[in-house]
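Reading through the structure tokens given below for one structure.
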Amino acid sequence: MIQQIKETVNYLHDKGIIQSEIGIILGTGLGKLVDEIAIERNIGYSEIPHFPISTVEFHKGNLIYGKMDGKNVLAMQGRFHFYEGYTLQQITFPVRLMKALGIKYLLISNAGGALNLSFKKGSLMLIDDHINLLGGSPLIGINHNNLGPRFTDMSCPYSEFLNGKLVRIAEESGIILHKGVYVAVHGPNLETRAEYRFLRNTGADVVGMSTVPEVIVANHSGLPCAAVSVITDECDPDHLQPININDILSTAAIAEKDIIRLFSALIREL
């Protein structure tokens, strides 16, 4: 892994990607934030050594480098998921890479379903904690001490500093920003009624298929991170409707405007 990181960093340095300050991972239906970036480099994942390739049709698969609100940002337009067949180490390789490229903060967005039925479709949830039901950890295997400690503390996986700023920005901007627990599951199938009841009973507010591996590696790397979920559907087991992916994407696109406002204001302050 160390050698792969070095080779990829050298490749991106040669492409002019230097002095990165903030990393951004954009989730399902949430790629429009790149329109706010003064793009200097746009590199397809397939061109980057050791980088996975996004196989989800609505994830564009580009690494974007440029300026946003006066900061050098490195944005992933499309992420990777366990259900695509990648290992957790492959999924989190971009976080290792962004850390090696110098980012100081990591901002993450995703789309998720509301287990907490007081959270309505189209609203946002700031992730305060999570539950990992992926069945593994990206830290399994040989530990490279120069990347992080063998036993990584997860008592506060999401930065209180960043979360505090996001809460204040949301209040000042009139944005509804719930706060709660995100549970990560394998996918790609959606959950049954019984599974939604089970997940709700674990204490989770939102369910999704991403984010947790990246956050684990961010903590392993000593990288402060924050994550916001767009509530794209309401997972009421007593009134469950078949999935409509187009509705999920359209809801994400509408709510994305508020994520852009939140992240843009936060980046200005960092």
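Naming works like this for the structure tokens: A, B, ... for the chains as they're shown, residue 1 at the start of each chain, ligands 1 onward in shown order.
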
Excluding A:Pro138 and residues on its chain fewer than 2 positions from it, collect all residues at most 7 Å away from it, counting only C-alpha atoms, and give them as a compact mmCIF listing (two decimals) with N, CA and C atoms, in the first residue's frame.
# COMPACT_ATOMS: atom_id res chain seq x y z
N LEU A 88 -12.51 -3.27 1.24
CA LEU A 88 -12.60 -2.04 2.04
C LEU A 88 -11.31 -1.23 1.93
N GLN A 89 -10.19 -1.90 1.70
CA GLN A 89 -8.92 -1.19 1.51
C GLN A 89 -8.93 -0.42 0.18
N GLY A 136 -16.80 -5.86 8.33
CA GLY A 136 -15.35 -5.78 8.30
C GLY A 136 -14.87 -4.37 8.51
N ILE A 140 -8.20 -3.97 8.78
CA ILE A 140 -7.81 -5.37 8.96
C ILE A 140 -6.57 -5.66 8.11
N PRO A 213 -16.46 3.24 5.97
CA PRO A 213 -15.06 2.87 5.74
C PRO A 213 -14.14 4.08 5.61
N VAL A 217 -10.88 5.18 8.12
CA VAL A 217 -9.52 5.46 7.64
C VAL A 217 -9.13 6.90 7.92

Per residue of stretch 116-161 of chain A within 10 Å of stretch 1-15 of chain A, note the shortest atom pair and the distance in Å to one decimal, counting only C-alpha atoms, and order the rows by chain and increasing residue number, as a Markdown table.
| residue | atom | partner | partner_atom | distance |
| --- | --- | --- | --- | --- |
| A:His144 | CA | A:Ile2 | CA | 8.1 |
| A:Asn146 | CA | A:Ile2 | CA | 9.2 |
| A:Leu147 | CA | A:Ile2 | CA | 8.7 |

Name all residues at most 9 Å from A:Tyr105 (count only C-alpha atoms; drop same-chain ones fewer than 3 positions away) and give them as a short mmCIF file (atom, residue, chain, number, x, y, z; two decimals) with N, CA and C atoms, in the first residue's frame.
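Result file is around-v2.cif:
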data_model
loop_
_atom_site.label_atom_id
_atom_site.label_comp_id
_atom_site.auth_asym_id
_atom_site.auth_seq_id
_atom_site.Cartn_x
_atom_site.Cartn_y
_atom_site.Cartn_z
N GLU A 21 -5.78 21.25 0.30
CA GLU A 21 -6.13 21.64 1.67
C GLU A 21 -7.34 20.89 2.20
N ILE A 22 -8.34 20.71 1.35
CA ILE A 22 -9.60 20.10 1.79
C ILE A 22 -10.01 19.02 0.80
N GLY A 23 -10.34 17.84 1.31
CA GLY A 23 -10.84 16.76 0.48
C GLY A 23 -12.35 16.66 0.60
N ILE A 24 -13.00 16.32 -0.52
CA ILE A 24 -14.46 16.20 -0.56
C ILE A 24 -14.82 14.91 -1.28
N LYS A 99 -4.88 12.28 2.03
CA LYS A 99 -4.06 12.61 3.19
C LYS A 99 -2.60 12.81 2.77
N LEU A 162 -15.64 20.58 13.24
CA LEU A 162 -16.34 20.75 11.97
C LEU A 162 -17.85 20.68 12.15
N LEU A 223 -7.19 12.46 10.44
CA LEU A 223 -7.76 13.45 9.54
C LEU A 223 -9.16 13.83 10.01
N PRO A 224 -9.38 15.06 10.48
CA PRO A 224 -10.71 15.47 10.92
C PRO A 224 -11.71 15.40 9.77
N CYS A 225 -12.90 14.85 10.05
CA CYS A 225 -13.87 14.70 8.98
C CYS A 225 -15.27 15.04 9.46
N ALA A 226 -16.13 15.38 8.51
CA ALA A 226 -17.55 15.61 8.76
C ALA A 226 -18.33 15.01 7.60
N LEU A 270 -12.51 27.69 7.00
CA LEU A 270 -11.39 26.82 7.41
C LEU A 270 -10.04 27.42 7.02
#

Original post:
Could you pull the residues within 9 Å of A:Thr152, counting only C-alpha atoms, minus those fewer than 2 positions along the same chain, as number ranges by chain?
Top reply: A: 139, 148-150, 154, 216, 219-220

Subject >> Minimum-distance residue to A:Ile18, chosen among A:Ile37, A:Met76, A:Met98, A:Ile245 (using only C-alpha atoms) >> reply: A:Met98

**OP:** Go through A:Ile176, A:Ala227, A:Ile103, A:Ile48 one by one, measure the shortest atom-to-atom distance of each to A:Leu124 using only C-alpha atoms, and give the residue with the smallest value.
**Re:**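 Looking only at the distances to A:Leu124, the closest residue turns out to be A:Ile176.
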